[in-house]
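As provided, coords-v7.csv (CSV, N, CA, C and O atoms) reads as follows.
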```
chain,number,residue,atom,x,y,z
A,1,MET,N,-47.5,98.7,-107.2
A,1,MET,CA,-46.3,98.1,-107.7
A,1,MET,C,-46.2,98.5,-109.2
A,1,MET,O,-47.1,98.3,-110.0
A,2,SER,N,-45.0,98.9,-109.6
A,2,SER,CA,-44.8,99.3,-111.0
A,2,SER,C,-44.8,98.1,-111.9
A,2,SER,O,-44.3,97.0,-111.6
A,3,ARG,N,-45.3,98.3,-113.1
A,3,ARG,CA,-45.2,97.4,-114.2
A,3,ARG,C,-44.4,98.0,-115.3
A,3,ARG,O,-44.4,99.3,-115.4
A,4,TYR,N,-43.7,97.2,-116.1
A,4,TYR,CA,-42.8,97.7,-117.1
A,4,TYR,C,-43.3,97.1,-118.4
A,4,TYR,O,-43.6,95.9,-118.5
A,5,ARG,N,-43.2,97.9,-119.5
A,5,ARG,CA,-43.6,97.4,-120.8
A,5,ARG,C,-42.6,98.0,-121.8
A,5,ARG,O,-42.3,99.2,-121.7
A,6,ALA,N,-42.2,97.2,-122.8
A,6,ALA,CA,-41.4,97.7,-123.9
A,6,ALA,C,-42.1,98.8,-124.7
A,6,ALA,O,-43.4,98.8,-124.7
A,7,ALA,N,-41.4,99.7,-125.2
A,7,ALA,CA,-42.0,100.7,-126.1
A,7,ALA,C,-42.8,100.0,-127.2
A,7,ALA,O,-42.4,98.8,-127.6
A,8,PRO,N,-43.8,100.6,-127.7
A,8,PRO,CA,-44.6,99.9,-128.8
A,8,PRO,C,-43.7,99.4,-129.9
A,8,PRO,O,-42.8,100.1,-130.4
A,9,ALA,N,-44.0,98.2,-130.4
A,9,ALA,CA,-43.2,97.6,-131.5
A,9,ALA,C,-43.1,98.5,-132.7
A,9,ALA,O,-42.1,98.5,-133.4
A,10,ALA,N,-44.2,99.3,-133.0
A,10,ALA,CA,-44.2,100.1,-134.1
A,10,ALA,C,-43.2,101.3,-134.0
A,10,ALA,O,-42.8,101.9,-135.0
A,11,THR,N,-42.7,101.6,-132.8
A,11,THR,CA,-41.7,102.6,-132.6
A,11,THR,C,-40.3,102.1,-132.6
A,11,THR,O,-39.4,102.9,-132.4
A,12,LEU,N,-40.1,100.8,-132.7
A,12,LEU,CA,-38.8,100.2,-132.6
A,12,LEU,C,-38.4,99.5,-133.9
A,12,LEU,O,-39.3,98.8,-134.5
A,13,ARG,N,-37.2,99.7,-134.4
A,13,ARG,CA,-36.7,98.8,-135.4
A,13,ARG,C,-35.5,98.1,-134.9
A,13,ARG,O,-34.5,98.7,-134.5
A,14,ILE,N,-35.6,96.8,-134.8
A,14,ILE,CA,-34.6,96.0,-134.1
A,14,ILE,C,-33.8,95.1,-135.2
A,14,ILE,O,-34.5,94.4,-135.9
A,15,GLU,N,-32.5,95.3,-135.3
A,15,GLU,CA,-31.7,94.6,-136.2
A,15,GLU,C,-30.5,93.9,-135.5
A,15,GLU,O,-29.6,94.5,-135.0
A,16,PRO,N,-30.5,92.6,-135.5
A,16,PRO,CA,-29.4,91.8,-134.9
A,16,PRO,C,-28.2,92.0,-135.8
A,16,PRO,O,-28.2,91.9,-137.0
A,17,LEU,N,-27.0,92.1,-135.1
A,17,LEU,CA,-25.7,92.2,-135.8
A,17,LEU,C,-24.8,91.3,-135.0
A,17,LEU,O,-24.1,91.7,-134.1
A,18,ASP,N,-24.7,90.0,-135.4
A,18,ASP,CA,-23.8,89.1,-134.7
A,18,ASP,C,-24.2,89.1,-133.2
A,18,ASP,O,-25.3,88.8,-132.8
A,19,ALA,N,-23.3,89.4,-132.3
A,19,ALA,CA,-23.5,89.4,-130.9
A,19,ALA,C,-24.2,90.7,-130.4
A,19,ALA,O,-24.7,90.7,-129.3
A,20,LEU,N,-24.2,91.7,-131.2
A,20,LEU,CA,-24.9,93.0,-130.8
A,20,LEU,C,-26.2,93.2,-131.5
A,20,LEU,O,-26.5,92.5,-132.5
A,21,THR,N,-27.0,94.1,-131.1
A,21,THR,CA,-28.2,94.4,-131.7
A,21,THR,C,-28.4,95.9,-131.8
A,21,THR,O,-28.1,96.7,-130.9
A,22,LEU,N,-28.8,96.4,-133.0
A,22,LEU,CA,-29.1,97.8,-133.2
A,22,LEU,C,-30.6,98.0,-133.0
A,22,LEU,O,-31.4,97.2,-133.5
A,23,ILE,N,-31.0,99.0,-132.2
A,23,ILE,CA,-32.4,99.3,-132.0
A,23,ILE,C,-32.6,100.8,-132.3
A,23,ILE,O,-32.0,101.7,-131.7
A,24,TYR,N,-33.4,101.0,-133.4
A,24,TYR,CA,-33.7,102.4,-133.7
A,24,TYR,C,-35.0,102.7,-133.0
A,24,TYR,O,-36.0,102.1,-133.2
A,25,HIS,N,-35.0,103.8,-132.2
A,25,HIS,CA,-36.2,104.2,-131.5
A,25,HIS,C,-36.8,105.4,-132.2
A,25,HIS,O,-36.3,106.5,-132.1
A,26,ARG,N,-37.8,105.2,-133.0
A,26,ARG,CA,-38.4,106.2,-133.8
A,26,ARG,C,-38.9,107.4,-133.1
A,26,ARG,O,-38.7,108.5,-133.5
A,27,ALA,N,-39.4,107.2,-131.9
A,27,ALA,CA,-39.9,108.4,-131.1
A,27,ALA,C,-38.9,109.4,-130.7
A,27,ALA,O,-39.1,110.6,-130.7
A,28,SER,N,-37.6,108.9,-130.4
A,28,SER,CA,-36.6,109.8,-130.1
A,28,SER,C,-35.6,110.0,-131.2
A,28,SER,O,-34.8,111.0,-131.1
A,29,GLY,N,-35.6,109.2,-132.2
A,29,GLY,CA,-34.6,109.3,-133.3
A,29,GLY,C,-33.3,108.8,-132.9
A,29,GLY,O,-32.3,109.1,-133.7
A,30,ILE,N,-33.2,108.1,-131.8
A,30,ILE,CA,-31.9,107.6,-131.4
A,30,ILE,C,-31.7,106.1,-131.7
A,30,ILE,O,-32.6,105.3,-131.6
A,31,THR,N,-30.5,105.8,-132.2
A,31,THR,CA,-30.2,104.4,-132.4
A,31,THR,C,-29.3,103.9,-131.3
A,31,THR,O,-28.3,104.5,-130.9
A,32,HIS,N,-29.7,102.8,-130.7
A,32,HIS,CA,-29.0,102.2,-129.6
A,32,HIS,C,-28.3,100.9,-130.0
A,32,HIS,O,-28.8,100.1,-130.8
A,33,LEU,N,-27.0,100.7,-129.6
A,33,LEU,CA,-26.3,99.5,-129.9
A,33,LEU,C,-26.2,98.8,-128.5
A,33,LEU,O,-25.6,99.3,-127.6
A,34,VAL,N,-26.9,97.6,-128.5
A,34,VAL,CA,-27.0,96.9,-127.2
A,34,VAL,C,-26.6,95.5,-127.4
A,34,VAL,O,-26.4,95.0,-128.5
A,35,ASP,N,-26.3,94.8,-126.2
A,35,ASP,CA,-26.1,93.4,-126.2
A,35,ASP,C,-27.1,92.7,-125.3
A,35,ASP,O,-28.0,93.4,-124.7
A,36,SER,N,-26.9,91.5,-125.1
A,36,SER,CA,-27.8,90.7,-124.3
A,36,SER,C,-27.7,91.2,-122.8
A,36,SER,O,-26.5,91.6,-122.5
A,37,PRO,N,-28.7,91.4,-122.1
A,37,PRO,CA,-30.0,90.8,-122.3
A,37,PRO,C,-31.1,91.9,-122.8
A,37,PRO,O,-32.3,91.6,-122.6
A,38,VAL,N,-30.6,93.0,-123.3
A,38,VAL,CA,-31.6,94.0,-123.7
A,38,VAL,C,-32.6,93.5,-124.8
A,38,VAL,O,-33.8,93.6,-124.5
A,39,PRO,N,-32.2,92.8,-125.9
A,39,PRO,CA,-33.3,92.3,-126.8
A,39,PRO,C,-34.2,91.3,-126.1
A,39,PRO,O,-35.4,91.4,-126.4
A,40,GLU,N,-33.7,90.5,-125.3
A,40,GLU,CA,-34.5,89.5,-124.6
A,40,GLU,C,-35.5,90.2,-123.6
A,40,GLU,O,-36.6,89.8,-123.5
A,41,LEU,N,-35.0,91.3,-122.9
A,41,LEU,CA,-35.9,92.0,-122.1
A,41,LEU,C,-37.0,92.7,-122.8
A,41,LEU,O,-38.2,92.7,-122.4
A,42,LEU,N,-36.7,93.3,-124.0
A,42,LEU,CA,-37.7,93.9,-124.8
A,42,LEU,C,-38.8,92.9,-125.3
A,42,LEU,O,-40.0,93.2,-125.3
A,43,GLU,N,-38.3,91.8,-125.7
A,43,GLU,CA,-39.2,90.7,-126.1
A,43,GLU,C,-40.1,90.3,-124.9
A,43,GLU,O,-41.4,90.2,-125.1
A,44,LEU,N,-39.5,90.1,-123.8
A,44,LEU,CA,-40.3,89.7,-122.6
A,44,LEU,C,-41.3,90.7,-122.2
A,44,LEU,O,-42.4,90.4,-121.7
A,45,LEU,N,-40.9,92.0,-122.3
A,45,LEU,CA,-41.8,93.1,-121.8
A,45,LEU,C,-42.8,93.5,-122.9
A,45,LEU,O,-43.3,94.7,-122.8
A,46,ALA,N,-43.1,92.7,-123.8
A,46,ALA,CA,-44.1,93.0,-124.8
A,46,ALA,C,-45.5,93.2,-124.0
A,46,ALA,O,-46.3,94.0,-124.4
A,47,GLU,N,-45.6,92.5,-123.0
A,47,GLU,CA,-46.8,92.6,-122.1
A,47,GLU,C,-46.2,93.2,-120.8
A,47,GLU,O,-45.2,92.8,-120.3
A,48,PRO,N,-47.0,94.1,-120.1
A,48,PRO,CA,-46.5,94.7,-118.9
A,48,PRO,C,-46.3,93.6,-117.8
A,48,PRO,O,-47.1,92.7,-117.6
A,49,LEU,N,-45.1,93.7,-117.1
A,49,LEU,CA,-44.8,92.8,-116.1
A,49,LEU,C,-44.2,93.6,-114.9
A,49,LEU,O,-43.6,94.7,-115.1
A,50,THR,N,-44.3,93.1,-113.7
A,50,THR,CA,-43.6,93.7,-112.6
A,50,THR,C,-42.2,93.2,-112.6
A,50,THR,O,-41.8,92.3,-113.4
A,51,LEU,N,-41.3,93.8,-111.8
A,51,LEU,CA,-39.9,93.4,-111.8
A,51,LEU,C,-39.8,92.0,-111.4
A,51,LEU,O,-39.1,91.2,-112.0
A,52,ASP,N,-40.6,91.5,-110.4
A,52,ASP,CA,-40.5,90.1,-109.9
A,52,ASP,C,-41.1,89.2,-111.0
A,52,ASP,O,-40.5,88.1,-111.2
A,53,GLU,N,-42.1,89.6,-111.7
A,53,GLU,CA,-42.6,88.7,-112.8
A,53,GLU,C,-41.6,88.6,-113.9
A,53,GLU,O,-41.4,87.5,-114.5
A,54,ALA,N,-40.9,89.7,-114.2
A,54,ALA,CA,-39.9,89.7,-115.3
A,54,ALA,C,-38.7,88.8,-114.8
A,54,ALA,O,-38.2,88.0,-115.6
A,55,LEU,N,-38.3,88.9,-113.6
A,55,LEU,CA,-37.2,88.1,-113.1
A,55,LEU,C,-37.6,86.6,-113.1
A,55,LEU,O,-36.8,85.8,-113.5
A,56,ALA,N,-38.8,86.3,-112.7
A,56,ALA,CA,-39.2,84.9,-112.7
A,56,ALA,C,-39.2,84.4,-114.2
A,56,ALA,O,-38.8,83.2,-114.4
A,57,ALA,N,-39.7,85.2,-115.1
A,57,ALA,CA,-39.8,84.7,-116.5
A,57,ALA,C,-38.4,84.5,-117.1
A,57,ALA,O,-38.1,83.6,-117.8
A,58,LEU,N,-37.5,85.5,-116.8
A,58,LEU,CA,-36.1,85.3,-117.3
A,58,LEU,C,-35.4,84.1,-116.6
A,58,LEU,O,-34.7,83.4,-117.3
A,59,THR,N,-35.7,83.9,-115.4
A,59,THR,CA,-35.1,82.7,-114.7
A,59,THR,C,-35.5,81.4,-115.3
A,59,THR,O,-34.7,80.5,-115.6
A,60,GLU,N,-36.8,81.4,-115.6
A,60,GLU,CA,-37.4,80.1,-116.2
A,60,GLU,C,-36.9,80.0,-117.7
A,60,GLU,O,-36.4,78.9,-118.1
A,61,ARG,N,-36.9,81.1,-118.5
A,61,ARG,CA,-36.6,81.0,-119.9
A,61,ARG,C,-35.1,80.7,-120.1
A,61,ARG,O,-34.8,80.0,-121.0
A,62,PHE,N,-34.2,81.2,-119.2
A,62,PHE,CA,-32.8,81.1,-119.5
A,62,PHE,C,-32.1,80.2,-118.4
A,62,PHE,O,-30.9,80.2,-118.3
A,63,ASP,N,-32.9,79.5,-117.6
A,63,ASP,CA,-32.3,78.6,-116.5
A,63,ASP,C,-31.3,79.3,-115.7
A,63,ASP,O,-30.2,78.8,-115.5
A,64,LEU,N,-31.6,80.5,-115.2
A,64,LEU,CA,-30.7,81.3,-114.4
A,64,LEU,C,-30.5,80.6,-113.1
A,64,LEU,O,-31.5,80.2,-112.4
A,65,ILE,N,-29.3,80.4,-112.7
A,65,ILE,CA,-29.0,79.7,-111.4
A,65,ILE,C,-29.1,80.7,-110.2
A,65,ILE,O,-29.6,80.4,-109.2
A,66,ASP,N,-28.5,81.9,-110.4
A,66,ASP,CA,-28.5,82.9,-109.3
A,66,ASP,C,-29.0,84.2,-109.9
A,66,ASP,O,-28.3,85.2,-110.1
A,67,PRO,N,-30.4,84.4,-110.1
A,67,PRO,CA,-30.9,85.6,-110.6
A,67,PRO,C,-30.7,86.8,-109.6
A,67,PRO,O,-30.8,86.6,-108.4
A,68,ASP,N,-30.4,87.9,-110.2
A,68,ASP,CA,-30.0,89.1,-109.4
A,68,ASP,C,-31.1,90.2,-109.6
A,68,ASP,O,-31.1,90.9,-110.7
A,69,ARG,N,-32.0,90.3,-108.7
A,69,ARG,CA,-33.1,91.3,-108.8
A,69,ARG,C,-32.6,92.7,-108.9
A,69,ARG,O,-33.1,93.5,-109.7
A,70,GLU,N,-31.6,93.1,-108.1
A,70,GLU,CA,-31.0,94.5,-108.2
A,70,GLU,C,-30.4,94.8,-109.5
A,70,GLU,O,-30.5,95.9,-110.1
A,71,ALA,N,-29.7,93.8,-110.1
A,71,ALA,CA,-29.1,94.0,-111.4
A,71,ALA,C,-30.2,94.2,-112.5
A,71,ALA,O,-30.1,95.1,-113.4
A,72,LEU,N,-31.3,93.4,-112.4
A,72,LEU,CA,-32.4,93.5,-113.3
A,72,LEU,C,-33.0,94.9,-113.2
A,72,LEU,O,-33.4,95.6,-114.2
A,73,ALA,N,-33.2,95.3,-111.9
A,73,ALA,CA,-33.9,96.6,-111.7
A,73,ALA,C,-33.0,97.7,-112.3
A,73,ALA,O,-33.6,98.7,-112.9
A,74,ALA,N,-31.7,97.7,-112.1
A,74,ALA,CA,-30.8,98.7,-112.7
A,74,ALA,C,-30.9,98.7,-114.2
A,74,ALA,O,-31.0,99.8,-114.8
A,75,ARG,N,-30.9,97.5,-114.8
A,75,ARG,CA,-31.0,97.5,-116.3
A,75,ARG,C,-32.3,98.0,-116.8
A,75,ARG,O,-32.4,98.8,-117.7
A,76,ILE,N,-33.4,97.7,-116.1
A,76,ILE,CA,-34.7,98.2,-116.5
A,76,ILE,C,-34.8,99.7,-116.3
A,76,ILE,O,-35.3,100.4,-117.2
A,77,ASP,N,-34.2,100.2,-115.3
A,77,ASP,CA,-34.2,101.6,-115.1
A,77,ASP,C,-33.5,102.3,-116.2
A,77,ASP,O,-33.9,103.4,-116.7
A,78,GLU,N,-32.4,101.7,-116.7
A,78,GLU,CA,-31.6,102.3,-117.8
A,78,GLU,C,-32.5,102.3,-119.0
A,78,GLU,O,-32.5,103.3,-119.8
A,79,LEU,N,-33.2,101.2,-119.3
A,79,LEU,CA,-34.1,101.1,-120.4
A,79,LEU,C,-35.2,102.1,-120.4
A,79,LEU,O,-35.7,102.7,-121.4
A,80,VAL,N,-35.8,102.4,-119.2
A,80,VAL,CA,-36.8,103.4,-119.0
A,80,VAL,C,-36.2,104.8,-119.3
A,80,VAL,O,-36.8,105.6,-120.0
A,81,ALA,N,-35.0,105.0,-118.8
A,81,ALA,CA,-34.4,106.3,-119.1
A,81,ALA,C,-34.1,106.6,-120.6
A,81,ALA,O,-34.2,107.7,-121.1
A,82,SER,N,-33.9,105.5,-121.3
A,82,SER,CA,-33.6,105.6,-122.7
A,82,SER,C,-34.9,105.7,-123.6
A,82,SER,O,-34.8,106.0,-124.8
A,83,GLY,N,-36.0,105.4,-123.0
A,83,GLY,CA,-37.3,105.4,-123.7
A,83,GLY,C,-37.7,104.0,-124.3
A,83,GLY,O,-38.7,103.9,-124.9
A,84,LEU,N,-36.8,103.0,-124.2
A,84,LEU,CA,-37.1,101.7,-124.8
A,84,LEU,C,-38.1,100.9,-124.0
A,84,LEU,O,-38.7,100.0,-124.5
A,85,VAL,N,-38.2,101.3,-122.7
A,85,VAL,CA,-39.2,100.6,-121.8
A,85,VAL,C,-40.0,101.7,-121.1
A,85,VAL,O,-39.4,102.8,-120.8
A,86,GLU,N,-41.2,101.5,-120.8
A,86,GLU,CA,-42.1,102.4,-120.2
A,86,GLU,C,-42.5,101.8,-118.8
A,86,GLU,O,-42.8,100.7,-118.7
A,87,ARG,N,-42.6,102.7,-117.8
A,87,ARG,CA,-43.2,102.3,-116.5
A,87,ARG,C,-44.7,102.6,-116.6
A,87,ARG,O,-45.1,103.7,-117.0
A,88,VAL,N,-45.5,101.5,-116.4
A,88,VAL,CA,-47.0,101.7,-116.6
A,88,VAL,C,-47.7,101.4,-115.3
A,88,VAL,O,-47.2,100.8,-114.4
```

Please express the file's structure as structure tokens.
Amino acid sequence: MSRYRAAPAATLRIEPLDALTLIYHRASGITHLVDSPVPELLELLAEPLTLDEALAALTERFDLIDPDREALAARIDELVASGLVERV
């Protein structure tokens, strides 16, 4: 079963801008403009988690009424493709 972990904190510069967040990924040289839940996912994935563990943690932390596993999987796959999250 795959685990996911945010890119090392030393490779990211995260700057909140009102409702959006800028994330500079030093390894790729790309700046990402993101909104929620990306910053929350990166914070949550400081430690490697499976998809189900991440979903459970998000559900608990944000009192999600109807958590969507497929939506979370799609978002994490996007973050993996961008280099902001690693599959470990």

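Nearest to Leu44 (chain A) of all the residues A:His32, A:Ala74, A:Ala57, A:Pro67 is A:Ala57, counting only N, CA, C and O atoms.
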
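For the pair atom N of Ala10 (chain A) and atom O of Leu41 (chain A), the interatomic distance is 13.9 Å.
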
Review point. DSSP on the backbone: what in chain A comes out helix (DSSP H, G or I), as an NGL selection string?
Key: :A and (9-11 or 38-44 or 51-62 or 69-82)

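Of the residues in chain A, those given strand (DSSP E or B) by DSSP on the backbone are Tyr4, Arg5, Ala6, Leu12, Arg13, Ile14, Glu15, Pro16, Leu17, Leu20, Thr21, Leu22, Ile23, Tyr24, His25, Ile30, Thr31, His32, Leu33, Val34, Leu49, Val85, Glu86 and Arg87 of chain A.
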
Quick one: everything within 12 Å of Pro16 (chain A), counting only C-alpha atoms, minus sequence neighbours fewer than 4 positions away in the same chain. Send it as a PDB file with N, CA, C and O atoms, in the coordinates of the input.
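As written to disk, out04.pdb reads:
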```pdb
ATOM      1  N   LEU A  20     -24.200  91.700-131.200  1.00  0.00           N
ATOM      2  CA  LEU A  20     -24.900  93.000-130.800  1.00  0.00           C
ATOM      3  C   LEU A  20     -26.200  93.200-131.500  1.00  0.00           C
ATOM      4  O   LEU A  20     -26.500  92.500-132.500  1.00  0.00           O
ATOM      5  N   THR A  21     -27.000  94.100-131.100  1.00  0.00           N
ATOM      6  CA  THR A  21     -28.200  94.400-131.700  1.00  0.00           C
ATOM      7  C   THR A  21     -28.400  95.900-131.800  1.00  0.00           C
ATOM      8  O   THR A  21     -28.100  96.700-130.900  1.00  0.00           O
ATOM      9  N   LEU A  22     -28.800  96.400-133.000  1.00  0.00           N
ATOM     10  CA  LEU A  22     -29.100  97.800-133.200  1.00  0.00           C
ATOM     11  C   LEU A  22     -30.600  98.000-133.000  1.00  0.00           C
ATOM     12  O   LEU A  22     -31.400  97.200-133.500  1.00  0.00           O
ATOM     13  N   ILE A  23     -31.000  99.000-132.200  1.00  0.00           N
ATOM     14  CA  ILE A  23     -32.400  99.300-132.000  1.00  0.00           C
ATOM     15  C   ILE A  23     -32.600 100.800-132.300  1.00  0.00           C
ATOM     16  O   ILE A  23     -32.000 101.700-131.700  1.00  0.00           O
ATOM     17  N   TYR A  24     -33.400 101.000-133.400  1.00  0.00           N
ATOM     18  CA  TYR A  24     -33.700 102.400-133.700  1.00  0.00           C
ATOM     19  C   TYR A  24     -35.000 102.700-133.000  1.00  0.00           C
ATOM     20  O   TYR A  24     -36.000 102.100-133.200  1.00  0.00           O
ATOM     21  N   HIS A  32     -29.700 102.800-130.700  1.00  0.00           N
ATOM     22  CA  HIS A  32     -29.000 102.200-129.600  1.00  0.00           C
ATOM     23  C   HIS A  32     -28.300 100.900-130.000  1.00  0.00           C
ATOM     24  O   HIS A  32     -28.800 100.100-130.800  1.00  0.00           O
ATOM     25  N   LEU A  33     -27.000 100.700-129.600  1.00  0.00           N
ATOM     26  CA  LEU A  33     -26.300  99.500-129.900  1.00  0.00           C
ATOM     27  C   LEU A  33     -26.200  98.800-128.500  1.00  0.00           C
ATOM     28  O   LEU A  33     -25.600  99.300-127.600  1.00  0.00           O
ATOM     29  N   VAL A  34     -26.900  97.600-128.500  1.00  0.00           N
ATOM     30  CA  VAL A  34     -27.000  96.900-127.200  1.00  0.00           C
ATOM     31  C   VAL A  34     -26.600  95.500-127.400  1.00  0.00           C
ATOM     32  O   VAL A  34     -26.400  95.000-128.500  1.00  0.00           O
ATOM     33  N   ASP A  35     -26.300  94.800-126.200  1.00  0.00           N
ATOM     34  CA  ASP A  35     -26.100  93.400-126.200  1.00  0.00           C
ATOM     35  C   ASP A  35     -27.100  92.700-125.300  1.00  0.00           C
ATOM     36  O   ASP A  35     -28.000  93.400-124.700  1.00  0.00           O
ATOM     37  N   SER A  36     -26.900  91.500-125.100  1.00  0.00           N
ATOM     38  CA  SER A  36     -27.800  90.700-124.300  1.00  0.00           C
ATOM     39  C   SER A  36     -27.700  91.200-122.800  1.00  0.00           C
ATOM     40  O   SER A  36     -26.500  91.600-122.500  1.00  0.00           O
ATOM     41  N   VAL A  38     -30.600  93.000-123.300  1.00  0.00           N
ATOM     42  CA  VAL A  38     -31.600  94.000-123.700  1.00  0.00           C
ATOM     43  C   VAL A  38     -32.600  93.500-124.800  1.00  0.00           C
ATOM     44  O   VAL A  38     -33.800  93.600-124.500  1.00  0.00           O
ATOM     45  N   PRO A  39     -32.200  92.800-125.900  1.00  0.00           N
ATOM     46  CA  PRO A  39     -33.300  92.300-126.800  1.00  0.00           C
ATOM     47  C   PRO A  39     -34.200  91.300-126.100  1.00  0.00           C
ATOM     48  O   PRO A  39     -35.400  91.400-126.400  1.00  0.00           O
ATOM     49  N   GLU A  40     -33.700  90.500-125.300  1.00  0.00           N
ATOM     50  CA  GLU A  40     -34.500  89.500-124.600  1.00  0.00           C
ATOM     51  C   GLU A  40     -35.500  90.200-123.600  1.00  0.00           C
ATOM     52  O   GLU A  40     -36.600  89.800-123.500  1.00  0.00           O
TER      53      GLU A  40
END
```

Within 12 Å of region 4-8 of chain A, which residues of region 45-87 of chain A show up? Give each one with its shortest atom-to-atom distance in Å (one decimal) and the two atoms involved, counting only C-alpha atoms, rows by chain then rising residue number, as CSV.
```
residue,atom,partner,partner_atom,distance
A:Leu45,CA,A:Arg5,CA,4.8
A:Ala46,CA,A:Ala6,CA,5.5
A:Glu47,CA,A:Arg5,CA,5.9
A:Pro48,CA,A:Arg5,CA,4.4
A:Leu49,CA,A:Tyr4,CA,5.4
A:Thr50,CA,A:Tyr4,CA,6.1
A:Leu51,CA,A:Tyr4,CA,7.4
A:Asp52,CA,A:Tyr4,CA,10.7
A:Glu53,CA,A:Tyr4,CA,10.0
A:Ala54,CA,A:Tyr4,CA,8.7
A:Leu55,CA,A:Tyr4,CA,11.8
A:Leu72,CA,A:Tyr4,CA,11.8
A:Ala73,CA,A:Tyr4,CA,10.5
A:Arg75,CA,A:Tyr4,CA,11.8
A:Ile76,CA,A:Tyr4,CA,8.1
A:Asp77,CA,A:Tyr4,CA,9.7
A:Leu79,CA,A:Ala6,CA,8.8
A:Val80,CA,A:Tyr4,CA,8.5
A:Ala81,CA,A:Ala7,CA,11.8
A:Ser82,CA,A:Ala7,CA,10.3
A:Gly83,CA,A:Ala7,CA,7.1
A:Leu84,CA,A:Ala7,CA,5.2
A:Val85,CA,A:Ala6,CA,4.2
A:Glu86,CA,A:Arg5,CA,5.3
A:Arg87,CA,A:Tyr4,CA,4.7
```

Residues of the last selection are to be written out with N, CA, C and O atoms, as a compact mmCIF listing (two decimals), keeping the file's coordinate frame.
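What landed in part.txt:
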```
# COMPACT_ATOMS: atom_id res chain seq x y z
N LEU A 45 -40.90 92.00 -122.30
CA LEU A 45 -41.80 93.10 -121.80
C LEU A 45 -42.80 93.50 -122.90
O LEU A 45 -43.30 94.70 -122.80
N ALA A 46 -43.10 92.70 -123.80
CA ALA A 46 -44.10 93.00 -124.80
C ALA A 46 -45.50 93.20 -124.00
O ALA A 46 -46.30 94.00 -124.40
N GLU A 47 -45.60 92.50 -123.00
CA GLU A 47 -46.80 92.60 -122.10
C GLU A 47 -46.20 93.20 -120.80
O GLU A 47 -45.20 92.80 -120.30
N PRO A 48 -47.00 94.10 -120.10
CA PRO A 48 -46.50 94.70 -118.90
C PRO A 48 -46.30 93.60 -117.80
O PRO A 48 -47.10 92.70 -117.60
N LEU A 49 -45.10 93.70 -117.10
CA LEU A 49 -44.80 92.80 -116.10
C LEU A 49 -44.20 93.60 -114.90
O LEU A 49 -43.60 94.70 -115.10
N THR A 50 -44.30 93.10 -113.70
CA THR A 50 -43.60 93.70 -112.60
C THR A 50 -42.20 93.20 -112.60
O THR A 50 -41.80 92.30 -113.40
N LEU A 51 -41.30 93.80 -111.80
CA LEU A 51 -39.90 93.40 -111.80
C LEU A 51 -39.80 92.00 -111.40
O LEU A 51 -39.10 91.20 -112.00
N ASP A 52 -40.60 91.50 -110.40
CA ASP A 52 -40.50 90.10 -109.90
C ASP A 52 -41.10 89.20 -111.00
O ASP A 52 -40.50 88.10 -111.20
N GLU A 53 -42.10 89.60 -111.70
CA GLU A 53 -42.60 88.70 -112.80
C GLU A 53 -41.60 88.60 -113.90
O GLU A 53 -41.40 87.50 -114.50
N ALA A 54 -40.90 89.70 -114.20
CA ALA A 54 -39.90 89.70 -115.30
C ALA A 54 -38.70 88.80 -114.80
O ALA A 54 -38.20 88.00 -115.60
N LEU A 55 -38.30 88.90 -113.60
CA LEU A 55 -37.20 88.10 -113.10
C LEU A 55 -37.60 86.60 -113.10
O LEU A 55 -36.80 85.80 -113.50
N LEU A 72 -31.30 93.40 -112.40
CA LEU A 72 -32.40 93.50 -113.30
C LEU A 72 -33.00 94.90 -113.20
O LEU A 72 -33.40 95.60 -114.20
N ALA A 73 -33.20 95.30 -111.90
CA ALA A 73 -33.90 96.60 -111.70
C ALA A 73 -33.00 97.70 -112.30
O ALA A 73 -33.60 98.70 -112.90
N ARG A 75 -30.90 97.50 -114.80
CA ARG A 75 -31.00 97.50 -116.30
C ARG A 75 -32.30 98.00 -116.80
O ARG A 75 -32.40 98.80 -117.70
N ILE A 76 -33.40 97.70 -116.10
CA ILE A 76 -34.70 98.20 -116.50
C ILE A 76 -34.80 99.70 -116.30
O ILE A 76 -35.30 100.40 -117.20
N ASP A 77 -34.20 100.20 -115.30
CA ASP A 77 -34.20 101.60 -115.10
C ASP A 77 -33.50 102.30 -116.20
O ASP A 77 -33.90 103.40 -116.70
N LEU A 79 -33.20 101.20 -119.30
CA LEU A 79 -34.10 101.10 -120.40
C LEU A 79 -35.20 102.10 -120.40
O LEU A 79 -35.70 102.70 -121.40
N VAL A 80 -35.80 102.40 -119.20
CA VAL A 80 -36.80 103.40 -119.00
C VAL A 80 -36.20 104.80 -119.30
O VAL A 80 -36.80 105.60 -120.00
N ALA A 81 -35.00 105.00 -118.80
CA ALA A 81 -34.40 106.30 -119.10
C ALA A 81 -34.10 106.60 -120.60
O ALA A 81 -34.20 107.70 -121.10
N SER A 82 -33.90 105.50 -121.30
CA SER A 82 -33.60 105.60 -122.70
C SER A 82 -34.90 105.70 -123.60
O SER A 82 -34.80 106.00 -124.80
N GLY A 83 -36.00 105.40 -123.00
CA GLY A 83 -37.30 105.40 -123.70
C GLY A 83 -37.70 104.00 -124.30
O GLY A 83 -38.70 103.90 -124.90
N LEU A 84 -36.80 103.00 -124.20
CA LEU A 84 -37.10 101.70 -124.80
C LEU A 84 -38.10 100.90 -124.00
O LEU A 84 -38.70 100.00 -124.50
N VAL A 85 -38.20 101.30 -122.70
CA VAL A 85 -39.20 100.60 -121.80
C VAL A 85 -40.00 101.70 -121.10
O VAL A 85 -39.40 102.80 -120.80
N GLU A 86 -41.20 101.50 -120.80
CA GLU A 86 -42.10 102.40 -120.20
C GLU A 86 -42.50 101.80 -118.80
O GLU A 86 -42.80 100.70 -118.70
N ARG A 87 -42.60 102.70 -117.80
CA ARG A 87 -43.20 102.30 -116.50
C ARG A 87 -44.70 102.60 -116.60
O ARG A 87 -45.10 103.70 -117.00
```

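Between CA of Ala27 (chain A) and CA of Leu12 (chain A) the interatomic distance comes to 8.4 Å.
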
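We find atom C of Glu43 (chain A) and CA of Leu64 (chain A) to be spaced 16.7 Å apart.
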